[in-house]
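run_11.tsv, holding TSV, C-alpha atoms:
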chain	number	residue	atom	x	y	z
I	68	MET	CA	100.09	108.61	72.89
I	69	ALA	CA	103.81	108.54	73.30
I	70	LYS	CA	105.84	107.38	70.34
I	71	GLN	CA	106.51	103.68	69.93
I	72	LEU	CA	109.28	102.20	72.07
I	73	TYR	CA	111.52	99.61	70.42
I	74	TRP	CA	113.51	96.90	72.14
I	75	GLU	CA	116.75	98.31	70.68
I	76	ASP	CA	116.06	101.65	72.41
I	77	VAL	CA	115.95	100.12	75.89
I	78	LYS	CA	119.10	99.98	78.01
I	79	ASP	CA	119.77	97.69	80.94
I	80	GLY	CA	119.46	99.91	84.02
I	81	GLY	CA	117.57	102.51	82.03
I	82	GLU	CA	114.56	104.42	83.25
I	83	VAL	CA	110.88	103.89	82.55
I	84	THR	CA	109.38	107.30	81.64
I	85	PRO	CA	107.85	108.48	84.96
I	86	LEU	CA	104.15	109.25	85.33
I	87	SER	CA	102.69	111.58	87.94
I	88	LYS	CA	99.34	111.00	89.61
I	89	VAL	CA	97.10	112.78	92.09
I	90	ALA	CA	94.58	110.85	94.18
I	91	THR	CA	91.71	112.93	95.51
I	92	GLN	CA	88.75	111.85	97.59
I	93	GLN	CA	86.80	112.23	94.34
I	94	THR	CA	89.21	109.93	92.48
I	95	LEU	CA	88.61	107.24	95.09
I	96	VAL	CA	84.84	107.48	94.69
I	97	LYS	CA	85.24	107.16	90.91
I	98	TRP	CA	87.56	104.17	91.34
I	99	ALA	CA	85.17	102.53	93.80
I	100	GLY	CA	82.39	102.76	91.24
I	101	ALA	CA	84.55	101.67	88.32
I	102	SER	CA	86.25	98.78	90.10
I	103	GLY	CA	83.40	97.65	92.32
I	104	ASP	CA	85.42	97.97	95.53
I	105	PHE	CA	82.96	99.53	97.95
I	106	VAL	CA	84.92	98.95	101.14
I	107	PRO	CA	84.17	102.07	103.27
I	108	LEU	CA	87.87	102.41	104.24
I	109	HIS	CA	88.26	104.39	101.01
I	110	TYR	CA	85.52	107.02	101.36
I	111	ASP	CA	84.26	107.09	104.96
I	112	ASP	CA	86.71	108.84	107.32
I	113	GLN	CA	84.84	107.74	110.42
I	114	PHE	CA	84.93	104.09	109.36
I	115	ALA	CA	88.61	104.43	108.39
I	116	ALA	CA	89.47	105.99	111.77
I	117	ALA	CA	87.62	103.21	113.60
I	118	SER	CA	89.59	100.69	111.50
I	119	GLY	CA	92.87	102.14	112.71
I	120	VAL	CA	94.13	103.79	109.51
I	121	GLY	CA	93.36	107.38	110.54
I	122	SER	CA	91.28	108.57	107.60
I	123	SER	CA	90.24	107.20	104.24
I	124	ILE	CA	93.05	105.57	102.29
I	125	VAL	CA	93.85	105.14	98.59
I	126	HIS	CA	92.78	101.74	97.20
I	127	GLY	CA	95.76	99.46	96.66
I	128	ALA	CA	94.23	98.39	93.36
I	129	LEU	CA	94.15	102.00	92.13
I	130	LYS	CA	97.90	102.24	92.74
I	131	ARG	CA	98.24	98.95	90.88
I	132	GLN	CA	96.37	100.43	87.94
I	133	TRP	CA	98.58	103.54	88.04
I	134	LEU	CA	101.55	101.21	87.58
I	135	VAL	CA	99.80	99.41	84.71
I	136	HIS	CA	99.28	102.85	83.14
I	137	LEU	CA	102.98	103.64	83.65
I	138	MET	CA	103.91	100.52	81.69
I	139	THR	CA	101.33	100.71	78.89
I	140	ASP	CA	102.24	104.36	78.21
I	141	TRP	CA	105.93	103.48	78.12
I	142	ILE	CA	105.72	100.44	75.84
I	143	GLY	CA	103.28	102.02	73.37
I	144	GLU	CA	100.61	100.32	71.32
I	145	ASP	CA	102.88	97.71	69.77
I	146	GLY	CA	104.28	96.65	73.13
I	147	PHE	CA	102.54	94.01	75.24
I	148	LEU	CA	102.40	93.87	79.03
I	149	LYS	CA	102.97	90.18	79.66
I	150	LYS	CA	103.54	89.93	83.40
I	151	PHE	CA	102.79	92.34	86.17
I	152	SER	CA	102.86	92.14	89.95
I	153	CYS	CA	102.68	94.56	92.85
I	154	GLN	CA	102.47	94.65	96.61
I	155	TYR	CA	101.00	97.41	98.73
I	156	ARG	CA	103.51	98.36	101.42
I	157	GLN	CA	102.29	101.62	102.89
I	158	MET	CA	99.02	103.54	103.16
I	159	ASP	CA	98.45	106.59	100.97
I	160	TYR	CA	95.95	109.33	101.80
I	161	PRO	CA	93.98	111.20	99.12
I	162	ARG	CA	93.81	114.97	98.86
I	163	LYS	CA	90.48	116.35	100.02
I	164	MET	CA	88.44	118.48	97.63
I	165	LYS	CA	88.56	122.30	97.60
I	166	SER	CA	85.72	122.73	95.09
I	167	LEU	CA	83.56	120.53	92.87
I	168	THR	CA	86.50	119.77	90.62
I	169	GLU	CA	89.68	121.07	92.30
I	170	PRO	CA	91.61	119.28	95.03
I	171	LEU	CA	93.34	121.04	97.89
I	172	ASP	CA	97.08	121.50	97.50
I	173	GLY	CA	99.01	118.48	98.70
I	174	GLU	CA	100.69	115.32	97.74
I	175	THR	CA	101.53	114.25	94.18
I	176	TRP	CA	102.57	110.67	93.54
I	177	LEU	CA	105.17	109.49	91.04
I	178	CYS	CA	105.11	106.15	89.25
I	179	LYS	CA	108.62	105.09	88.28
I	180	GLY	CA	110.58	102.14	87.02
I	181	THR	CA	113.98	100.85	86.02
I	182	VAL	CA	114.98	98.19	83.51
I	183	THR	CA	116.47	95.14	85.24
I	184	LYS	CA	116.91	92.77	82.29
I	185	LYS	CA	116.74	92.79	78.52
I	186	TYR	CA	116.64	89.45	76.70
I	187	VAL	CA	115.21	87.27	73.93
I	188	GLU	CA	113.17	84.20	74.81
I	189	GLY	CA	111.03	82.00	72.58
I	190	GLY	CA	111.47	84.51	69.76
I	191	ASP	CA	110.05	87.36	71.91
I	192	HIS	CA	112.07	90.47	72.70
I	193	LEU	CA	111.52	91.01	76.40
I	194	VAL	CA	112.32	93.58	79.07
I	195	ASP	CA	111.95	93.13	82.84
I	196	CYS	CA	111.43	96.17	85.05
I	197	ASN	CA	111.13	97.03	88.69
I	198	ILE	CA	108.34	99.53	89.19
I	199	TRP	CA	107.01	101.47	92.14
I	200	VAL	CA	104.80	104.30	93.38
I	201	GLU	CA	106.47	107.08	95.38
I	202	ASN	CA	104.51	109.31	97.72
I	203	GLY	CA	105.21	113.03	98.19
I	204	LYS	CA	108.01	112.24	100.64
I	205	GLY	CA	109.75	109.98	98.14
I	206	GLU	CA	108.77	106.80	100.04
I	207	LYS	CA	107.95	103.74	97.93
I	208	THR	CA	104.43	102.82	99.03
I	209	THR	CA	103.81	100.21	96.32
I	210	LEU	CA	106.44	97.91	94.83
I	211	GLY	CA	106.07	95.91	91.67
I	212	ALA	CA	107.66	94.19	88.71
I	213	ALA	CA	106.71	93.86	85.06
I	214	THR	CA	107.77	91.92	81.98
I	215	VAL	CA	106.96	93.42	78.58
I	216	VAL	CA	107.30	92.27	74.97
I	217	LEU	CA	108.58	95.00	72.65
I	218	PRO	CA	108.70	95.29	68.87
I	219	THR	CA	112.08	95.43	67.14
I	220	LYS	CA	113.28	97.76	64.41
I	221	GLY	CA	114.57	94.82	62.34
G	31	MET	CA	98.92	77.79	112.94
G	32	LEU	CA	95.48	78.15	111.49
G	33	PRO	CA	92.67	75.84	112.59
G	34	GLU	CA	91.38	73.13	110.27
G	35	GLU	CA	88.12	75.10	109.95
G	36	VAL	CA	90.18	77.62	107.93
G	37	THR	CA	92.72	75.42	106.14
G	38	LYS	CA	90.06	73.04	104.83
G	39	PHE	CA	89.25	75.73	102.25
G	40	ILE	CA	92.63	75.37	100.51
G	41	GLY	CA	91.93	73.99	97.03
G	42	LYS	CA	88.25	74.91	97.15
G	43	LYS	CA	86.69	76.74	94.23
G	44	GLY	CA	84.85	80.05	94.40
G	45	PRO	CA	81.90	80.87	92.18
G	46	THR	CA	82.45	80.81	88.44
G	47	SER	CA	81.17	84.13	87.20
G	48	VAL	CA	80.40	85.26	83.67
G	49	PHE	CA	80.35	88.89	82.68
G	50	GLU	CA	80.30	91.02	79.59
G	51	VAL	CA	82.99	93.63	78.99
G	52	GLU	CA	80.99	96.75	78.27
G	53	ARG	CA	82.36	99.82	76.49
G	54	GLU	CA	81.02	102.22	79.07
G	55	ALA	CA	82.53	100.20	81.91
G	56	ILE	CA	85.93	100.38	80.16
G	57	ARG	CA	85.58	104.13	79.70
G	58	ARG	CA	84.70	104.70	83.36
G	59	PHE	CA	87.53	102.46	84.52
G	60	ALA	CA	90.12	104.30	82.38
G	61	ASP	CA	88.69	107.66	83.45
G	62	SER	CA	89.00	106.83	87.14
G	63	VAL	CA	92.70	106.03	86.57
G	64	ASP	CA	93.12	109.20	84.51
G	65	ASP	CA	94.37	107.05	81.63
G	66	SER	CA	93.45	108.78	78.37
G	67	ASN	CA	94.71	106.08	75.99
G	68	PRO	CA	92.35	106.36	72.97
G	69	LEU	CA	92.26	102.57	72.59
G	70	TYR	CA	89.97	102.58	75.64
G	71	TYR	CA	87.35	105.07	74.43
G	72	ASP	CA	87.82	106.35	70.85
G	73	GLU	CA	85.86	104.06	68.50
G	74	ASP	CA	87.39	105.37	65.26
G	75	TYR	CA	90.91	105.28	66.60
G	76	ALA	CA	90.47	101.79	68.02
G	77	ARG	CA	88.91	100.46	64.79
G	78	LYS	CA	92.04	101.48	62.85
G	79	SER	CA	94.35	99.92	65.46
G	80	LYS	CA	95.62	96.35	65.28
G	81	HIS	CA	92.84	95.35	67.71
G	82	GLY	CA	90.08	96.54	65.39
G	83	THR	CA	87.95	97.62	68.33
G	84	ILE	CA	88.06	99.17	71.79
G	85	ILE	CA	90.08	97.14	74.28
G	86	ALA	CA	90.11	97.09	78.08
G	87	PRO	CA	93.25	98.15	79.97
G	88	PRO	CA	95.26	95.27	81.45
G	89	GLY	CA	94.00	95.02	85.03
G	90	PHE	CA	90.41	95.78	84.09
G	91	ILE	CA	89.69	92.25	85.17
G	92	SER	CA	90.45	92.88	88.84
G	93	ALA	CA	90.86	89.97	91.18
G	94	PRO	CA	87.48	89.38	92.82
G	95	TRP	CA	89.00	88.83	96.23
G	96	PHE	CA	86.00	90.32	98.01
G	97	ASN	CA	84.13	87.05	98.03
G	98	GLY	CA	80.52	87.71	98.82
G	99	ARG	CA	80.87	91.50	98.72
G	100	PRO	CA	79.84	93.94	96.02
G	101	ARG	CA	82.54	93.88	93.41
G	102	LYS	CA	83.28	95.03	89.92
G	103	TRP	CA	80.52	93.27	88.07
G	104	ALA	CA	77.87	91.37	89.89
G	105	ALA	CA	78.03	87.88	88.47
G	106	ARG	CA	75.55	87.53	85.63
G	107	ALA	CA	75.49	83.81	86.03
G	108	GLU	CA	77.13	81.48	88.46
G	109	THR	CA	77.82	78.19	86.81
G	110	ALA	CA	79.26	76.45	89.86
G	111	PRO	CA	78.52	76.63	93.57
G	112	ASP	CA	80.76	78.75	95.81
G	113	GLU	CA	82.73	76.29	97.95
G	114	THR	CA	84.61	79.14	99.63
G	115	ALA	CA	81.66	81.05	101.13
G	116	GLY	CA	82.55	79.93	104.68
G	117	LEU	CA	86.22	80.98	104.51
G	118	LEU	CA	85.94	84.59	105.69
G	119	PRO	CA	83.56	83.75	108.57
G	120	ALA	CA	85.97	80.96	109.60
G	121	LEU	CA	88.89	83.44	109.56
G	122	VAL	CA	86.87	85.88	111.67
G	123	GLY	CA	86.10	82.99	114.03
G	124	ALA	CA	89.85	82.29	114.27
G	125	GLY	CA	90.44	85.94	115.28
G	126	TYR	CA	91.39	87.43	111.92
G	127	GLY	CA	88.56	89.88	111.45
G	128	ARG	CA	90.17	92.65	109.44
G	129	VAL	CA	90.99	92.71	105.74
G	130	LEU	CA	93.45	94.56	103.49
G	131	ASP	CA	94.40	94.11	99.85
G	132	GLY	CA	97.93	92.70	99.78
G	133	GLY	CA	98.66	92.81	96.08
G	134	ILE	CA	98.37	90.84	92.87
G	135	GLU	CA	100.36	89.04	90.21
G	136	TYR	CA	99.07	88.89	86.66
G	137	GLU	CA	99.99	87.04	83.54
G	138	PHE	CA	98.29	88.60	80.54
G	139	LEU	CA	97.92	86.37	77.49
G	140	LYS	CA	95.58	88.23	75.16
G	141	PRO	CA	93.98	91.69	75.06
G	142	ILE	CA	90.38	91.82	76.28
G	143	LYS	CA	88.07	93.52	73.80
G	144	ALA	CA	84.84	95.42	74.29
G	145	GLY	CA	81.98	93.00	73.86
G	146	ASP	CA	83.95	89.97	75.07
G	147	THR	CA	82.28	87.68	77.56
G	148	ILE	CA	84.74	86.67	80.25
G	149	THR	CA	84.34	83.72	82.56
G	150	SER	CA	86.40	83.85	85.72
G	151	THR	CA	87.08	80.96	88.03
G	152	THR	CA	88.68	81.32	91.44
G	153	GLU	CA	90.45	78.78	93.59
G	154	ILE	CA	91.86	79.20	97.08
G	155	ALA	CA	95.53	78.44	96.39
G	156	ASP	CA	96.72	78.88	99.99
G	157	VAL	CA	95.88	80.26	103.41
G	158	THR	CA	98.83	80.97	105.69
G	159	VAL	CA	99.66	82.96	108.79
G	160	ARG	CA	102.72	85.11	109.51
G	161	GLU	CA	103.96	87.18	112.40
G	162	GLY	CA	104.51	90.75	111.18
G	163	ARG	CA	105.66	94.04	112.75
G	164	SER	CA	102.13	94.77	113.87
G	165	GLY	CA	101.15	91.29	115.01
G	166	LYS	CA	99.83	88.13	113.42
G	167	MET	CA	98.28	88.23	109.97
G	168	ALA	CA	96.58	85.60	107.84
G	169	PHE	CA	97.05	85.60	104.06
G	170	ILE	CA	94.64	84.22	101.49
G	171	ILE	CA	96.05	83.55	98.03
G	172	ARG	CA	93.45	83.24	95.29
G	173	GLN	CA	94.25	81.87	91.84
G	174	ILE	CA	91.94	83.33	89.22
G	175	THR	CA	91.66	82.27	85.58
G	176	TYR	CA	89.91	84.42	82.99
G	177	THR	CA	88.62	82.82	79.79
G	178	ASN	CA	86.91	84.54	76.86
G	179	GLN	CA	83.91	83.42	74.78
G	180	HIS	CA	86.24	81.59	72.36
G	181	GLY	CA	87.55	79.41	75.18
G	182	GLU	CA	90.92	81.22	75.20
G	183	VAL	CA	92.55	81.96	78.56
G	184	VAL	CA	93.14	85.72	78.44
G	185	ALA	CA	94.71	86.20	81.88
G	186	GLU	CA	95.74	84.47	85.08
G	187	ALA	CA	95.98	86.24	88.41
G	188	ARG	CA	97.12	85.47	91.94
G	189	GLY	CA	95.59	87.88	94.42
G	190	THR	CA	96.63	88.18	98.06
G	191	SER	CA	94.35	89.46	100.79
G	192	ILE	CA	95.79	90.19	104.23
G	193	HIS	CA	93.74	89.55	107.36
G	194	PRO	CA	95.30	91.11	110.47
G	195	GLU	CA	94.29	89.79	113.87
G	196	GLY	CA	91.48	91.75	115.48
G	197	SER	CA	87.80	92.46	115.14
G	198	PRO	CA	86.42	93.96	111.89
G	199	GLU	CA	86.48	97.51	113.28
G	200	SER	CA	89.32	97.36	115.80
Do you think you could lay out the structure here as structure tokens?
Amino acid sequence: MAKQLYWEDVKDGGEVTPLSKVATQQTLVKWAGASGDFVPLHYDDQFAAASGVGSSIVHGALKRQWLVHLMTDWIGEDGFLKKFSCQYRQMDYPRKMKSLTEPLDGETWLCKGTVTKKYVEGGDHLVDCNIWVENGKGEKTTLGAATVVLPTKG
Amino acid sequence: MLPEEVTKFIGKKGPTSVFEVEREAIRRFADSVDDSNPLYYDEDYARKSKHGTIIAPPGFISAPWFNGRPRKWAARAETAPDETAGLLPALVGAGYGRVLDGGIEYEFLKPIKAGDTITSTTEIADVTVREGRSGKMAFIIRQITYTNQHGEVVAEARGTSIHPEGSPES
């Protein structure tokens, strides 16, 4: 775990510590099982092609959970993720597998964020952030926002 | 404009489902995200934390927007009838046969712990239609409330599903 983040350490306009992710066809099968989303768009290329998306696509909800991970890693155990939202704007395509465990070379995604507001409300020390997932071309395929409660040094 | 056969579902309630938050389900969920936070799998670590036990990542309680499809946990018990069962067929009948996940908004109120029993209730908050770049799309907004075994609301969610015009496999 990263060290604890304190409200005093956060600057307006500052950066959320980025997190990199790789989605493979195997990841999507694991996510399907873990999340219960068995829509064939995410593991059946033929179905995905017939549905007009080309080949199997990354679950939006997996990208959502990547962004949740971005925030929970950043705020540490004494921070609390209070509000979170995201919208899926663009399809992402997983790397295919080269071996049982290794993906083919290809795209790596980056989860990023910036601080948009730092304030105190109802006794809580809060920080608002814009967050997003970038694909390998630097395009923002998922956009989101989060509000977190942070501990203070006081 | 959407026909009345579709809009009559606004305000209707989906099934109330009750499910147990199992340790192994938390571990698999975190593993599929590649999130190695020990609070999600390390019993000793979690016991010494302020939570006193393993917790589920925020978002573990996904929005069950696939009404009537396999989803995260099959409902263990349904304590109310599903008034929304006819919504997707009605949308298909109106020409909106495809489906995409549009996104979600959460408000988290309390951590969810391993062993909790969570009751989720869903209501159709809105059904609208918009003209997008790639044609007309219907949107279903579902309001979901998650309550634990102590009667505490642990999270609220608003999930959006997008239904582009066309047949299911067009």
Take the point (87.0, 82.3, 81.7) as written in the file and pick out every residue within 6 Å of it, counting only C-alpha atoms; give the list as a list in words.
->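 Returned residue set, sorted by chain then number, is Ile148, Thr149, Ser150, Tyr176, Thr177 and Asn178 of chain G.
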Chain I contacts to chain G at 8 Å (all atoms listed in the file) as number ranges by chain = I: 68, 94-95, 97-98, 100-105, 114, 117-119, 127-129, 132-133, 135-136, 148-155
Have a look at CA of Ile142 (chain G) and CA of Gly143 (chain I) and let me know their distance in Å, one decimal.
->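 We find that CA of Ile142 (chain G) and CA of Gly143 (chain I) lie 16.7 Å from each other.
Distances to Thr183 (chain I) were evaluated for I:Met158, I:Cys196, I:Ile124, I:Leu167 using all atoms listed in the file, and the minimum falls at I:Cys196.
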What does the distance from CA of Ile142 (chain I) to CA of Val216 (chain I) come to in Å, to one decimal?
->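 So the two atoms, CA of Ile142 (chain I) and CA of Val216 (chain I), lie 8.4 Å apart.
When CA of Ala212 (chain I) is paired with CA of Lys70 (chain I), their separation reads 22.7 Å.
Close contacts of region 162-174 of chain G, defined as residues with an atom at most 6 Å away when counting only C-alpha atoms, with chain neighbours fewer than 2 positions off set aside, comprise Thr151, Thr152, Glu153, Ile154, Ala155, Asp156, Val157, Thr158, Val159, Arg160, Glu186, Ala187, Arg188, Gly189, Thr190, Ser191, Ile192, His193, Pro194 and Glu195 of chain G.
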Smallest atom-to-atom distance to Lys220 (chain I): which of I:Thr139, I:Gly189, I:Asp145, I:Ile198, using only C-alpha atoms?
->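 Comparing I:Thr139, I:Gly189, I:Asp145, I:Ile198 against Lys220 (chain I), the winner is I:Asp145.
The nearest approach to Asp72 (chain G) among the residues G:Tyr126, G:Ala144, G:Asp112, G:Val36, with all atoms listed in the file taken into account, belongs to G:Ala144.
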Can you tell me, as an MDAnalysis selection string, what residues are no more than 8 Å from Thr209 (chain I) when counting all atoms listed in the file, ignoring any on the same chain fewer than 3 positions away?
-> chainID I and resid 130:131 153:157 199:201
Edge lengths and centre in Å to one decimal, as JSON, of the axis-aligned box that encloses all listed atoms of region 214-217 of chain I with 3 Å added on every side?
{"center_x": 107.8, "center_y": 93.5, "center_z": 77.3, "size_x": 7.6, "size_y": 9.1, "size_z": 15.3}
Extract, using only C-alpha atoms, all DNA, RNA and protein residues at most 9 Å from Pro111 (chain G), discarding same-chain residues fewer than 5 positions from it, and format them as a PyMOL selection string.
-> chain G and resi 43-46
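The neighbours of Phe39 (chain G) here are the residues that come within 8 Å of it, using only C-alpha atoms and leaving out any residue fewer than 6 positions away in the same chain; they are G:Glu113, G:Thr114, G:Leu117, G:Ile154.
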Would you please work out which residue, of I:Glu174, I:Glu206, I:Glu169, I:Glu75, is nearest to Val89 (chain I) when using all atoms listed in the file?
->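 Result for the nearest residue to Val89 (chain I): I:Glu174.
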